[in-house]
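Data from query.cif: mmCIF, C-alpha atoms
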data_protein
#
loop_
_atom_site.group_PDB
_atom_site.id
_atom_site.type_symbol
_atom_site.label_atom_id
_atom_site.label_comp_id
_atom_site.auth_asym_id
_atom_site.auth_seq_id
_atom_site.Cartn_x
_atom_site.Cartn_y
_atom_site.Cartn_z
ATOM 1 C CA MET Y 1 5.760 -21.821 -0.066
ATOM 2 C CA ASN Y 2 2.528 -22.948 1.589
ATOM 3 C CA THR Y 3 0.299 -19.920 1.103
ATOM 4 C CA ASP Y 4 -2.622 -21.669 2.817
ATOM 5 C CA VAL Y 5 -0.608 -21.841 6.060
ATOM 6 C CA LEU Y 6 0.521 -18.232 5.703
ATOM 7 C CA THR Y 7 -2.989 -16.986 4.966
ATOM 8 C CA ARG Y 8 -4.226 -18.830 8.019
ATOM 9 C CA LEU Y 9 -1.414 -17.414 10.140
ATOM 10 C CA ALA Y 10 -2.035 -13.840 8.957
ATOM 11 C CA HIS Y 11 -5.776 -14.124 9.611
ATOM 12 C CA ALA Y 12 -5.203 -15.572 13.094
ATOM 13 C CA GLU Y 13 -2.724 -12.815 13.989
ATOM 14 C CA ALA Y 14 -5.025 -10.057 12.725
ATOM 15 C CA THR Y 15 -8.013 -11.515 14.583
ATOM 16 C CA ALA Y 16 -6.014 -11.980 17.789
ATOM 17 C CA HIS Y 17 -4.594 -8.475 17.480
ATOM 18 C CA ALA Y 18 -8.037 -7.074 18.304
ATOM 19 C CA ARG Y 19 -7.735 -8.562 21.818
ATOM 20 C CA TYR Y 20 -5.371 -5.735 22.737
ATOM 21 C CA ARG Y 21 -8.005 -3.023 22.578
ATOM 22 C CA ARG Y 22 -8.297 -2.995 26.407
ATOM 23 C CA THR Y 23 -9.634 0.531 27.092
ATOM 24 C CA GLY Y 24 -8.826 1.729 23.580
ATOM 25 C CA GLU Y 25 -10.306 1.001 20.171
ATOM 26 C CA VAL Y 26 -10.132 -1.490 17.320
ATOM 27 C CA ALA Y 27 -10.991 -0.614 13.731
ATOM 28 C CA GLN Y 28 -10.758 -2.474 10.418
ATOM 29 C CA PHE Y 29 -9.757 -0.847 7.147
ATOM 30 C CA GLY Y 30 -10.082 -3.406 4.381
ATOM 31 C CA PRO Y 31 -7.708 -6.234 5.370
ATOM 32 C CA LEU Y 32 -5.983 -4.116 8.052
ATOM 33 C CA VAL Y 33 -6.994 -4.604 11.693
ATOM 34 C CA ALA Y 34 -5.809 -1.573 13.706
ATOM 35 C CA VAL Y 35 -5.549 -1.217 17.469
ATOM 36 C CA HIS Y 36 -5.144 1.622 19.904
ATOM 37 C CA ALA Y 37 -4.623 0.004 23.323
ATOM 38 C CA GLY Y 38 -3.217 3.035 25.130
ATOM 39 C CA PRO Y 39 -0.603 5.749 24.639
ATOM 40 C CA ASN Y 40 2.810 4.678 23.302
ATOM 41 C CA LEU Y 41 2.255 0.914 23.378
ATOM 42 C CA PRO Y 42 3.973 -1.491 20.944
ATOM 43 C CA VAL Y 43 0.611 -3.053 20.038
ATOM 44 C CA ASP Y 44 -0.695 0.283 18.690
ATOM 45 C CA THR Y 45 -0.329 -1.030 15.146
ATOM 46 C CA ALA Y 46 -2.275 -2.716 12.351
ATOM 47 C CA TRP Y 47 -2.083 -6.312 11.147
ATOM 48 C CA HIS Y 48 -2.735 -7.343 7.538
ATOM 49 C CA ASP Y 49 -5.107 -10.344 7.611
ATOM 50 C CA GLY Y 50 -3.805 -12.060 4.457
ATOM 51 C CA THR Y 51 -7.097 -12.070 2.583
ATOM 52 C CA HIS Y 52 -6.324 -9.536 -0.160
ATOM 53 C CA PRO Y 53 -4.057 -6.517 -0.807
ATOM 54 C CA PHE Y 54 -5.012 -3.270 0.889
ATOM 55 C CA THR Y 55 -5.725 -0.145 -1.161
ATOM 56 C CA ALA Y 56 -4.639 3.478 -0.931
ATOM 57 C CA ALA Y 57 -8.036 4.244 0.628
ATOM 58 C CA ASP Y 58 -7.457 1.553 3.274
ATOM 59 C CA LEU Y 59 -4.069 3.058 4.119
ATOM 60 C CA GLU Y 60 -5.467 6.588 4.233
ATOM 61 C CA ALA Y 61 -8.168 5.505 6.677
ATOM 62 C CA PHE Y 62 -5.635 3.655 8.832
ATOM 63 C CA GLU Y 63 -3.347 6.686 8.826
ATOM 64 C CA ALA Y 64 -6.231 8.910 9.950
ATOM 65 C CA PHE Y 65 -6.939 6.457 12.781
ATOM 66 C CA SER Y 66 -3.252 6.642 13.790
ATOM 67 C CA VAL Y 67 -3.288 10.451 13.751
ATOM 68 C CA GLN Y 68 -6.480 10.465 15.836
ATOM 69 C CA TYR Y 69 -4.685 8.554 18.591
ATOM 70 C CA GLY Y 70 -1.286 10.182 18.216
ATOM 71 C CA GLN Y 71 0.507 6.972 17.264
ATOM 72 C CA PRO Y 72 2.802 6.170 14.328
ATOM 73 C CA ALA Y 73 1.160 4.494 11.324
ATOM 74 C CA THR Y 74 2.848 1.116 11.778
ATOM 75 C CA LEU Y 75 1.667 -2.148 10.255
ATOM 76 C CA HIS Y 76 2.657 -5.823 10.225
ATOM 77 C CA LEU Y 77 2.640 -7.763 6.962
ATOM 78 C CA LEU Y 78 3.740 -11.316 6.212
ATOM 79 C CA SER Y 79 6.364 -11.446 3.474
ATOM 80 C CA ALA Y 80 4.214 -13.720 1.276
ATOM 81 C CA PHE Y 81 1.697 -10.893 0.814
ATOM 82 C CA ALA Y 82 4.129 -7.998 0.440
ATOM 83 C CA ALA Y 83 4.847 -7.843 -3.297
ATOM 84 C CA PRO Y 84 1.497 -6.381 -4.457
ATOM 85 C CA VAL Y 85 1.506 -3.594 -1.863
ATOM 86 C CA LEU Y 86 5.165 -2.585 -1.599
ATOM 87 C CA PRO Y 87 4.924 0.039 -4.387
ATOM 88 C CA LEU Y 88 1.937 1.634 -2.624
ATOM 89 C CA LEU Y 89 3.707 1.577 0.746
ATOM 90 C CA LYS Y 90 6.793 3.184 -0.769
ATOM 91 C CA GLU Y 91 4.667 5.831 -2.482
ATOM 92 C CA ARG Y 92 3.032 6.732 0.835
ATOM 93 C CA GLY Y 93 6.341 7.011 2.669
ATOM 94 C CA TYR Y 94 6.505 3.728 4.577
ATOM 95 C CA GLY Y 95 9.885 2.298 5.511
ATOM 96 C CA LEU Y 96 10.906 -1.065 6.913
ATOM 97 C CA GLU Y 97 11.438 -0.956 10.684
ATOM 98 C CA TYR Y 98 12.445 -4.553 11.334
ATOM 99 C CA VAL Y 99 11.974 -8.161 10.228
ATOM 100 C CA LEU Y 100 11.116 -11.221 12.302
ATOM 101 C CA HIS Y 101 11.214 -14.780 11.023
ATOM 102 C CA ALA Y 102 7.889 -16.640 11.104
ATOM 103 C CA TYR Y 103 7.932 -20.260 12.281
ATOM 104 C CA VAL Y 104 5.148 -22.826 12.619
ATOM 105 C CA HIS Y 105 4.790 -26.262 14.208
ATOM 106 C CA ASP Y 106 2.009 -28.635 13.138
ATOM 107 C CA LEU Y 107 1.759 -30.137 16.657
ATOM 108 C CA ALA Y 108 2.814 -33.578 15.499
ATOM 109 C CA ASN Y 109 5.932 -35.257 16.943
ATOM 110 C CA LEU Y 110 5.987 -32.987 19.954
ATOM 111 C CA PRO Y 111 9.219 -32.668 21.952
ATOM 112 C CA GLU Y 112 9.484 -34.373 25.316
ATOM 113 C CA GLN Y 113 8.568 -32.398 28.396
ATOM 114 C CA SER Y 114 11.442 -31.011 30.456
ATOM 115 C CA PRO Y 115 11.849 -31.754 34.183
ATOM 116 C CA ILE Y 116 11.931 -27.980 34.742
ATOM 117 C CA GLN Y 117 8.942 -26.922 36.829
ATOM 118 C CA ILE Y 118 6.419 -24.805 34.897
ATOM 119 C CA ARG Y 119 3.228 -23.395 36.373
ATOM 120 C CA ALA Y 120 0.247 -21.418 35.148
ATOM 121 C CA GLU Y 121 0.093 -17.890 36.566
ATOM 122 C CA GLU Y 122 -2.509 -15.167 37.032
ATOM 123 C CA ALA Y 123 -2.281 -11.976 34.999
ATOM 124 C CA GLY Y 124 -1.001 -9.482 37.571
ATOM 125 C CA THR Y 125 1.837 -11.643 38.870
ATOM 126 C CA TRP Y 126 2.807 -12.818 35.387
ATOM 127 C CA ALA Y 127 2.934 -9.249 34.051
ATOM 128 C CA ALA Y 128 5.281 -8.173 36.846
ATOM 129 C CA LEU Y 129 7.556 -11.169 36.257
ATOM 130 C CA ALA Y 130 7.583 -10.742 32.474
ATOM 131 C CA ALA Y 131 8.441 -7.051 32.852
ATOM 132 C CA ARG Y 132 11.368 -8.050 35.052
ATOM 133 C CA GLY Y 133 12.592 -10.323 32.259
ATOM 134 C CA PHE Y 134 12.091 -7.758 29.481
ATOM 135 C CA GLY Y 135 13.573 -4.907 31.484
ATOM 136 C CA PRO Y 136 12.619 -1.375 32.600
ATOM 137 C CA GLY Y 137 9.730 0.220 30.749
ATOM 138 C CA ALA Y 138 7.985 -3.068 29.930
ATOM 139 C CA GLU Y 139 5.485 -2.976 32.804
ATOM 140 C CA GLU Y 140 2.513 -1.459 30.960
ATOM 141 C CA ILE Y 141 2.767 -3.523 27.794
ATOM 142 C CA MET Y 142 3.192 -6.743 29.782
ATOM 143 C CA SER Y 143 0.029 -5.871 31.693
ATOM 144 C CA VAL Y 144 -1.825 -5.371 28.396
ATOM 145 C CA VAL Y 145 -0.546 -8.722 27.115
ATOM 146 C CA ALA Y 146 -1.389 -10.533 30.344
ATOM 147 C CA HIS Y 147 -4.955 -9.199 30.512
ATOM 148 C CA ALA Y 148 -5.811 -9.823 26.838
ATOM 149 C CA PRO Y 149 -8.777 -12.238 26.688
ATOM 150 C CA GLY Y 150 -7.859 -15.870 26.053
ATOM 151 C CA THR Y 151 -4.176 -15.545 26.949
ATOM 152 C CA ARG Y 152 -2.621 -18.431 28.877
ATOM 153 C CA LEU Y 153 0.328 -17.458 31.049
ATOM 154 C CA PHE Y 154 3.228 -19.614 32.237
ATOM 155 C CA VAL Y 155 6.203 -19.226 34.563
ATOM 156 C CA ALA Y 156 9.222 -21.544 34.648
ATOM 157 C CA GLU Y 157 10.997 -22.024 37.962
ATOM 158 C CA MET Y 158 14.565 -22.851 38.862
ATOM 159 C CA ASN Y 159 15.529 -23.832 42.390
ATOM 160 C CA GLY Y 160 12.027 -22.873 43.479
ATOM 161 C CA MET Y 161 12.338 -19.347 42.127
ATOM 162 C CA PRO Y 162 10.529 -17.768 39.135
ATOM 163 C CA ALA Y 163 13.040 -17.591 36.303
ATOM 164 C CA ALA Y 164 11.268 -17.173 32.932
ATOM 165 C CA THR Y 165 7.877 -16.362 31.425
ATOM 166 C CA ALA Y 166 5.930 -17.282 28.310
ATOM 167 C CA ALA Y 167 2.386 -17.025 26.971
ATOM 168 C CA LEU Y 168 0.125 -18.438 24.306
ATOM 169 C CA SER Y 169 -3.258 -17.654 22.816
ATOM 170 C CA VAL Y 170 -5.309 -19.786 20.426
ATOM 171 C CA THR Y 171 -7.248 -18.249 17.528
ATOM 172 C CA GLY Y 172 -8.878 -20.365 14.844
ATOM 173 C CA GLY Y 173 -6.831 -23.389 15.818
ATOM 174 C CA VAL Y 174 -3.538 -21.449 15.632
ATOM 175 C CA ALA Y 175 -1.623 -21.131 18.907
ATOM 176 C CA ALA Y 176 0.490 -17.973 18.976
ATOM 177 C CA PHE Y 177 3.525 -18.133 21.275
ATOM 178 C CA HIS Y 178 4.679 -14.838 22.794
ATOM 179 C CA GLY Y 179 5.599 -13.143 26.074
ATOM 180 C CA THR Y 180 8.929 -14.944 26.189
ATOM 181 C CA ALA Y 181 11.420 -13.537 28.708
ATOM 182 C CA THR Y 182 14.139 -14.978 30.962
ATOM 183 C CA PHE Y 183 15.650 -13.240 33.966
ATOM 184 C CA PRO Y 184 19.307 -12.391 33.204
ATOM 185 C CA GLU Y 185 20.687 -14.557 36.004
ATOM 186 C CA PHE Y 186 18.888 -17.648 34.657
ATOM 187 C CA ARG Y 187 19.723 -17.408 30.959
ATOM 188 C CA ALA Y 188 21.330 -20.300 29.057
ATOM 189 C CA ARG Y 189 19.728 -22.848 31.427
ATOM 190 C CA GLY Y 190 17.230 -24.405 28.995
ATOM 191 C CA LEU Y 191 14.228 -22.521 30.350
ATOM 192 C CA GLN Y 192 12.869 -21.336 27.030
ATOM 193 C CA THR Y 193 13.310 -24.784 25.498
ATOM 194 C CA ALA Y 194 11.242 -26.144 28.382
ATOM 195 C CA LEU Y 195 8.597 -23.446 27.923
ATOM 196 C CA LEU Y 196 8.369 -24.183 24.191
ATOM 197 C CA ALA Y 197 7.776 -27.884 24.845
ATOM 198 C CA HIS Y 198 5.240 -27.117 27.560
ATOM 199 C CA ARG Y 199 3.303 -24.715 25.360
ATOM 200 C CA LEU Y 200 3.278 -27.133 22.422
ATOM 201 C CA GLN Y 201 1.621 -29.708 24.652
ATOM 202 C CA ALA Y 202 -0.761 -27.081 26.053
ATOM 203 C CA ALA Y 203 -1.659 -25.879 22.546
ATOM 204 C CA ALA Y 204 -2.433 -29.414 21.381
ATOM 205 C CA GLY Y 205 -4.497 -29.978 24.519
ATOM 206 C CA ALA Y 206 -6.454 -26.788 23.813
ATOM 207 C CA GLY Y 207 -7.474 -28.095 20.384
ATOM 208 C CA ALA Y 208 -4.994 -26.155 18.242
ATOM 209 C CA ASP Y 209 -3.461 -27.939 15.269
ATOM 210 C CA LEU Y 210 -0.798 -25.332 14.489
ATOM 211 C CA ALA Y 211 1.577 -23.284 16.652
ATOM 212 C CA SER Y 212 3.359 -20.133 15.520
ATOM 213 C CA VAL Y 213 6.110 -17.887 16.790
ATOM 214 C CA PHE Y 214 8.034 -14.857 15.495
ATOM 215 C CA VAL Y 215 11.733 -14.588 16.336
ATOM 216 C CA THR Y 216 14.684 -12.323 15.599
ATOM 217 C CA PRO Y 217 16.803 -13.777 12.773
ATOM 218 C CA GLY Y 218 20.022 -15.395 13.991
ATOM 219 C CA SER Y 219 19.058 -15.146 17.661
ATOM 220 C CA GLY Y 220 19.165 -17.717 20.427
ATOM 221 C CA SER Y 221 15.366 -17.771 20.253
ATOM 222 C CA GLU Y 222 15.547 -18.818 16.609
ATOM 223 C CA ARG Y 223 17.880 -21.678 17.469
ATOM 224 C CA ASN Y 224 15.537 -22.754 20.263
ATOM 225 C CA VAL Y 225 12.471 -22.927 18.022
ATOM 226 C CA GLN Y 226 14.383 -24.801 15.345
ATOM 227 C CA ARG Y 227 15.465 -27.416 17.888
ATOM 228 C CA ALA Y 228 11.841 -27.684 19.071
ATOM 229 C CA GLY Y 229 10.746 -28.713 15.562
ATOM 230 C CA PHE Y 230 9.366 -25.444 14.213
ATOM 231 C CA ARG Y 231 9.823 -24.755 10.499
ATOM 232 C CA LEU Y 232 10.494 -21.432 8.814
ATOM 233 C CA VAL Y 233 7.618 -20.278 6.582
ATOM 234 C CA GLY Y 234 8.403 -16.621 5.928
ATOM 235 C CA ALA Y 235 8.919 -13.320 7.667
ATOM 236 C CA ARG Y 236 6.901 -10.657 9.404
ATOM 237 C CA LEU Y 237 7.667 -7.209 8.002
ATOM 238 C CA THR Y 238 6.994 -4.210 10.228
ATOM 239 C CA LEU Y 239 6.687 -0.925 8.324
ATOM 240 C CA THR Y 240 6.101 2.636 9.542
ATOM 241 C CA ARG Y 241 5.103 5.750 7.630
ATOM 242 C CA ARG Y 242 7.954 8.237 7.928
ATOM 243 C CA ASN Y 243 6.506 11.309 6.219
#
Starting from the file, lay out its structure as structure tokens.
Amino acid sequence: MNTDVLTRLAHAEATAHARYRRTGEVAQFGPLVAVHAGPNLPVDTAWHDGTHPFTAADLEAFEAFSVQYGQPATLHLLSAFAAPVLPLLKERGYGLEYVLHAYVHDLANLPEQSPIQIRAEEAGTWAALAARGFGPGAEEIMSVVAHAPGTRLFVAEMNGMPAATAALSVTGGVAAFHGTATFPEFRARGLQTALLAHRLQAAAGAGADLASVFVTPGSGSERNVQRAGFRLVGARLTLTRRN
């Protein structure tokens, strides 16, 4: 296991997480970077930055922040850094919500570009299109994602029509891939493969030397990133305090 890569990934994710403050607040509690971006948003969480284990006092402060804003105490932690803090998390009532696999690409041997047309898009239009791909209820969070500083937004077209969305942001030379959605009528047409290749080229052009993405284990997205040359380096654990 390459802990240097994982430490770098955790630090980039925690630093980038602060971009979602929008009209809310960001606070740091030891190695935990916490965000309140607005009521009931999926980014109202904390990210562990990979530098060192958090303490009970760090968790208590984060939990008070969560209570202040009426949001669950939910945090993201890369699996490589979990062992020292799992007893503390269990003691304080945290349970595992879900797991995503963490993949990286060193931006060497990039895949060929697809003939599928891909364009850059402005935030408002992209957010509306991404929400269409993710489904009802996604409008507000897609707007938050689209308007986060430093986010690059892309739309893939098919037959001249918008068909899929994707985004990337670069922090400390690490390009995070996210915002991936395909309209139901255009699925299984190679759109996300094309968007992966396009973003890898864009990330390299922006000066990044590493790309990262989190995917659901066993999903079509995981197969797509594997075919694009990404390698599995661990998992992202999402835990929430339940009592």
Decode the PyMOL selection byres ((chain Y and resi 199) around 12) for the given file into explicit residues and return them as a PDB file with C-alpha atoms, in the coordinates of the input.
ATOM      1  CA  HIS Y 105       4.790 -26.262  14.208  1.00  0.00           C
ATOM      2  CA  LEU Y 107       1.759 -30.137  16.657  1.00  0.00           C
ATOM      3  CA  LEU Y 110       5.987 -32.987  19.954  1.00  0.00           C
ATOM      4  CA  PRO Y 111       9.219 -32.668  21.952  1.00  0.00           C
ATOM      5  CA  GLU Y 112       9.484 -34.373  25.316  1.00  0.00           C
ATOM      6  CA  GLN Y 113       8.568 -32.398  28.396  1.00  0.00           C
ATOM      7  CA  SER Y 114      11.442 -31.011  30.456  1.00  0.00           C
ATOM      8  CA  ILE Y 118       6.419 -24.805  34.897  1.00  0.00           C
ATOM      9  CA  ARG Y 119       3.228 -23.395  36.373  1.00  0.00           C
ATOM     10  CA  ALA Y 120       0.247 -21.418  35.148  1.00  0.00           C
ATOM     11  CA  THR Y 151      -4.176 -15.545  26.949  1.00  0.00           C
ATOM     12  CA  ARG Y 152      -2.621 -18.431  28.877  1.00  0.00           C
ATOM     13  CA  LEU Y 153       0.328 -17.458  31.049  1.00  0.00           C
ATOM     14  CA  PHE Y 154       3.228 -19.614  32.237  1.00  0.00           C
ATOM     15  CA  VAL Y 155       6.203 -19.226  34.563  1.00  0.00           C
ATOM     16  CA  ALA Y 156       9.222 -21.544  34.648  1.00  0.00           C
ATOM     17  CA  THR Y 165       7.877 -16.362  31.425  1.00  0.00           C
ATOM     18  CA  ALA Y 166       5.930 -17.282  28.310  1.00  0.00           C
ATOM     19  CA  ALA Y 167       2.386 -17.025  26.971  1.00  0.00           C
ATOM     20  CA  LEU Y 168       0.125 -18.438  24.306  1.00  0.00           C
ATOM     21  CA  SER Y 169      -3.258 -17.654  22.816  1.00  0.00           C
ATOM     22  CA  VAL Y 170      -5.309 -19.786  20.426  1.00  0.00           C
ATOM     23  CA  ALA Y 175      -1.623 -21.131  18.907  1.00  0.00           C
ATOM     24  CA  ALA Y 176       0.490 -17.973  18.976  1.00  0.00           C
ATOM     25  CA  PHE Y 177       3.525 -18.133  21.275  1.00  0.00           C
ATOM     26  CA  HIS Y 178       4.679 -14.838  22.794  1.00  0.00           C
ATOM     27  CA  GLY Y 179       5.599 -13.143  26.074  1.00  0.00           C
ATOM     28  CA  THR Y 180       8.929 -14.944  26.189  1.00  0.00           C
ATOM     29  CA  GLN Y 192      12.869 -21.336  27.030  1.00  0.00           C
ATOM     30  CA  THR Y 193      13.310 -24.784  25.498  1.00  0.00           C
ATOM     31  CA  ALA Y 194      11.242 -26.144  28.382  1.00  0.00           C
ATOM     32  CA  LEU Y 195       8.597 -23.446  27.923  1.00  0.00           C
ATOM     33  CA  LEU Y 196       8.369 -24.183  24.191  1.00  0.00           C
ATOM     34  CA  ALA Y 197       7.776 -27.884  24.845  1.00  0.00           C
ATOM     35  CA  HIS Y 198       5.240 -27.117  27.560  1.00  0.00           C
ATOM     36  CA  LEU Y 200       3.278 -27.133  22.422  1.00  0.00           C
ATOM     37  CA  GLN Y 201       1.621 -29.708  24.652  1.00  0.00           C
ATOM     38  CA  ALA Y 202      -0.761 -27.081  26.053  1.00  0.00           C
ATOM     39  CA  ALA Y 203      -1.659 -25.879  22.546  1.00  0.00           C
ATOM     40  CA  ALA Y 204      -2.433 -29.414  21.381  1.00  0.00           C
ATOM     41  CA  GLY Y 205      -4.497 -29.978  24.519  1.00  0.00           C
ATOM     42  CA  ALA Y 206      -6.454 -26.788  23.813  1.00  0.00           C
ATOM     43  CA  ALA Y 208      -4.994 -26.155  18.242  1.00  0.00           C
ATOM     44  CA  LEU Y 210      -0.798 -25.332  14.489  1.00  0.00           C
ATOM     45  CA  ALA Y 211       1.577 -23.284  16.652  1.00  0.00           C
ATOM     46  CA  SER Y 212       3.359 -20.133  15.520  1.00  0.00           C
ATOM     47  CA  VAL Y 213       6.110 -17.887  16.790  1.00  0.00           C
ATOM     48  CA  VAL Y 225      12.471 -22.927  18.022  1.00  0.00           C
ATOM     49  CA  ALA Y 228      11.841 -27.684  19.071  1.00  0.00           C
TER      50      ALA Y 228
END
**Study point:** CA of Gly172 (chain Y) to CA of Val144 (chain Y), straight-line distance in Å
**Key:**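 Distance reported for this atom pair: 21.4 Å.
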Once you add 3 Å to each side, what are the centre and edge lengths of the axis-aligned box holding all listed atoms of region 195-201 of chain Y? One decimal in Å, as lines of an AutoDock Vina configuration file, if you can.
center_x = 5.1
center_y = -26.6
center_z = 25.2
size_x = 13.0
size_y = 12.3
size_z = 11.5
Exercise for review: Go through Y:Gly133, Y:Leu77, Y:Arg187, Y:Leu86 and flag the residue nearest His101 (chain Y), using all atoms listed in the file for the distances.
Suggested key: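 The closest residue to His101 (chain Y) is Y:Leu77.
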Practice item. Using all atoms listed in the file, find the one residue out of Y:Leu89, Y:Val215, Y:Val233, Y:Ala61 that sits nearest to Asp4 (chain Y). Key: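 Between Y:Leu89, Y:Val215, Y:Val233, Y:Ala61, the residue approaching Asp4 (chain Y) most closely is Y:Val233.
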Review point. Just so the selection is clear, what residues does the PyMOL selection byres ((chain Y and resi 145) around 10) cover here, as a PyMOL selection string?
Key: chain Y and resi 19-20+22+43+123+126-127+130+140-144+146-149+151+153+167+178-179
Check your understanding: Restricting the calculation to all atoms listed in the file, which member of Y:Pro53, Y:Pro31, Y:Pro72, Y:Pro39 is positioned closest to Pro87 (chain Y)?
Key -> Y:Pro53
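If you look at CA of Gly218 (chain Y) and CA of Ala16 (chain Y), they are 26.5 Å away from each other.
Distances to Gly50 (chain Y) were evaluated for Y:Ala64, Y:Leu239, Y:Val99, Y:Ala80 using only C-alpha atoms, and the minimum falls at Y:Ala80.
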Exercise for review: Tell me, in Å to one decimal, how far CA of Ala164 (chain Y) is from CA of Tyr98 (chain Y).
Suggested key: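 Distance reported for this atom pair: 25.0 Å.
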**Study point:** Selected residue, from Y:Ile116, Y:Leu237, Y:Gln226, Y:Ala138, that lies nearest to His48 (chain Y) when counting all atoms listed in the file
**Key:** Y:Leu237
**Study point:** Of the listed residues Y:Trp47, Y:Tyr94, Y:Phe214, Y:Phe230, that which approaches Asn243 (chain Y) most closely, counting all atoms listed in the file
**Key:**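 Of Y:Trp47, Y:Tyr94, Y:Phe214, Y:Phe230, the one nearest Asn243 (chain Y), counting all atoms listed in the file, is Y:Tyr94.
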Practice item. Carefully work through the PyMOL selection byres ((chain Y and resi 186) around 10) for this structure and note down the residues it includes, as a list in words. Key: Gly133, Glu157, Met158, Pro162, Ala163, Ala164, Thr182, Phe183, Pro184, Glu185, Arg187, Ala188, Arg189, Gly190 and Leu191 of chain Y
Which residues come within 9 Å of Thr7 (chain Y), counting all atoms listed in the file, excluding same-chain residues fewer than 3 positions away, as a short mmCIF file (atom, residue, chain, number, x, y, z; two decimals) with C-alpha atoms, in the frame of the given file?
data_model
loop_
_atom_site.label_atom_id
_atom_site.label_comp_id
_atom_site.auth_asym_id
_atom_site.auth_seq_id
_atom_site.Cartn_x
_atom_site.Cartn_y
_atom_site.Cartn_z
CA ASN Y 2 2.53 -22.95 1.59
CA THR Y 3 0.30 -19.92 1.10
CA ASP Y 4 -2.62 -21.67 2.82
CA ALA Y 10 -2.04 -13.84 8.96
CA HIS Y 11 -5.78 -14.12 9.61
CA ALA Y 12 -5.20 -15.57 13.09
CA ASP Y 49 -5.11 -10.34 7.61
CA GLY Y 50 -3.80 -12.06 4.46
CA THR Y 51 -7.10 -12.07 2.58
CA LEU Y 78 3.74 -11.32 6.21
CA ALA Y 80 4.21 -13.72 1.28
CA PHE Y 81 1.70 -10.89 0.81
#
Exercise for review: Within 10 Å of Pro217 (chain Y), counting all atoms listed in the file, which residues show up once you throw out same-chain ones fewer than 4 positions away? Write them as a list of chain:residue names, please.
Suggested key: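 My reading of the contact set: Y:Val99, Y:Leu100, Y:His101, Y:Ala102, Y:Ser221, Y:Glu222, Y:Arg223, Y:Ala235.
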Please write region 163-173 of chain Y of the preceding block to a file containing N, CA, C and O atoms, as a PDB file, in the first residue's frame?
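File result20.pdb, as written:
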ATOM      1  N   ALA Y 163     -26.149  14.760 -23.067  1.00  0.00           N
ATOM      2  CA  ALA Y 163     -26.454  13.384 -22.686  1.00  0.00           C
ATOM      3  C   ALA Y 163     -25.808  12.952 -21.373  1.00  0.00           C
ATOM      4  O   ALA Y 163     -26.293  12.016 -20.729  1.00  0.00           O
ATOM      5  N   ALA Y 164     -24.723  13.606 -20.947  1.00  0.00           N
ATOM      6  CA  ALA Y 164     -24.037  13.199 -19.719  1.00  0.00           C
ATOM      7  C   ALA Y 164     -23.208  14.357 -19.197  1.00  0.00           C
ATOM      8  O   ALA Y 164     -22.810  15.245 -19.958  1.00  0.00           O
ATOM      9  N   THR Y 165     -22.938  14.346 -17.902  1.00  0.00           N
ATOM     10  CA  THR Y 165     -22.152  15.401 -17.266  1.00  0.00           C
ATOM     11  C   THR Y 165     -20.994  14.814 -16.470  1.00  0.00           C
ATOM     12  O   THR Y 165     -21.017  13.643 -16.084  1.00  0.00           O
ATOM     13  N   ALA Y 166     -20.003  15.648 -16.223  1.00  0.00           N
ATOM     14  CA  ALA Y 166     -18.877  15.275 -15.368  1.00  0.00           C
ATOM     15  C   ALA Y 166     -18.164  16.551 -14.952  1.00  0.00           C
ATOM     16  O   ALA Y 166     -18.333  17.603 -15.574  1.00  0.00           O
ATOM     17  N   ALA Y 167     -17.358  16.442 -13.893  1.00  0.00           N
ATOM     18  CA  ALA Y 167     -16.633  17.602 -13.377  1.00  0.00           C
ATOM     19  C   ALA Y 167     -15.280  17.168 -12.860  1.00  0.00           C
ATOM     20  O   ALA Y 167     -15.034  15.975 -12.620  1.00  0.00           O
ATOM     21  N   LEU Y 168     -14.394  18.149 -12.707  1.00  0.00           N
ATOM     22  CA  LEU Y 168     -13.120  17.892 -12.041  1.00  0.00           C
ATOM     23  C   LEU Y 168     -12.680  19.161 -11.332  1.00  0.00           C
ATOM     24  O   LEU Y 168     -13.052  20.272 -11.702  1.00  0.00           O
ATOM     25  N   SER Y 169     -11.865  18.972 -10.309  1.00  0.00           N
ATOM     26  CA  SER Y 169     -11.229  20.092  -9.619  1.00  0.00           C
ATOM     27  C   SER Y 169      -9.830  19.646  -9.233  1.00  0.00           C
ATOM     28  O   SER Y 169      -9.614  18.475  -8.915  1.00  0.00           O
ATOM     29  N   VAL Y 170      -8.871  20.554  -9.300  1.00  0.00           N
ATOM     30  CA  VAL Y 170      -7.475  20.229  -9.029  1.00  0.00           C
ATOM     31  C   VAL Y 170      -7.036  20.908  -7.737  1.00  0.00           C
ATOM     32  O   VAL Y 170      -7.183  22.125  -7.582  1.00  0.00           O
ATOM     33  N   THR Y 171      -6.502  20.107  -6.811  1.00  0.00           N
ATOM     34  CA  THR Y 171      -6.007  20.611  -5.533  1.00  0.00           C
ATOM     35  C   THR Y 171      -4.652  19.977  -5.254  1.00  0.00           C
ATOM     36  O   THR Y 171      -4.548  18.754  -5.175  1.00  0.00           O
ATOM     37  N   GLY Y 172      -3.620  20.785  -5.146  1.00  0.00           N
ATOM     38  CA  GLY Y 172      -2.300  20.246  -4.850  1.00  0.00           C
ATOM     39  C   GLY Y 172      -1.823  19.234  -5.861  1.00  0.00           C
ATOM     40  O   GLY Y 172      -1.147  18.262  -5.498  1.00  0.00           O
ATOM     41  N   GLY Y 173      -2.159  19.449  -7.120  1.00  0.00           N
ATOM     42  CA  GLY Y 173      -1.737  18.534  -8.172  1.00  0.00           C
ATOM     43  C   GLY Y 173      -2.579  17.285  -8.305  1.00  0.00           C
ATOM     44  O   GLY Y 173      -2.315  16.445  -9.169  1.00  0.00           O
TER      45      GLY Y 173
END
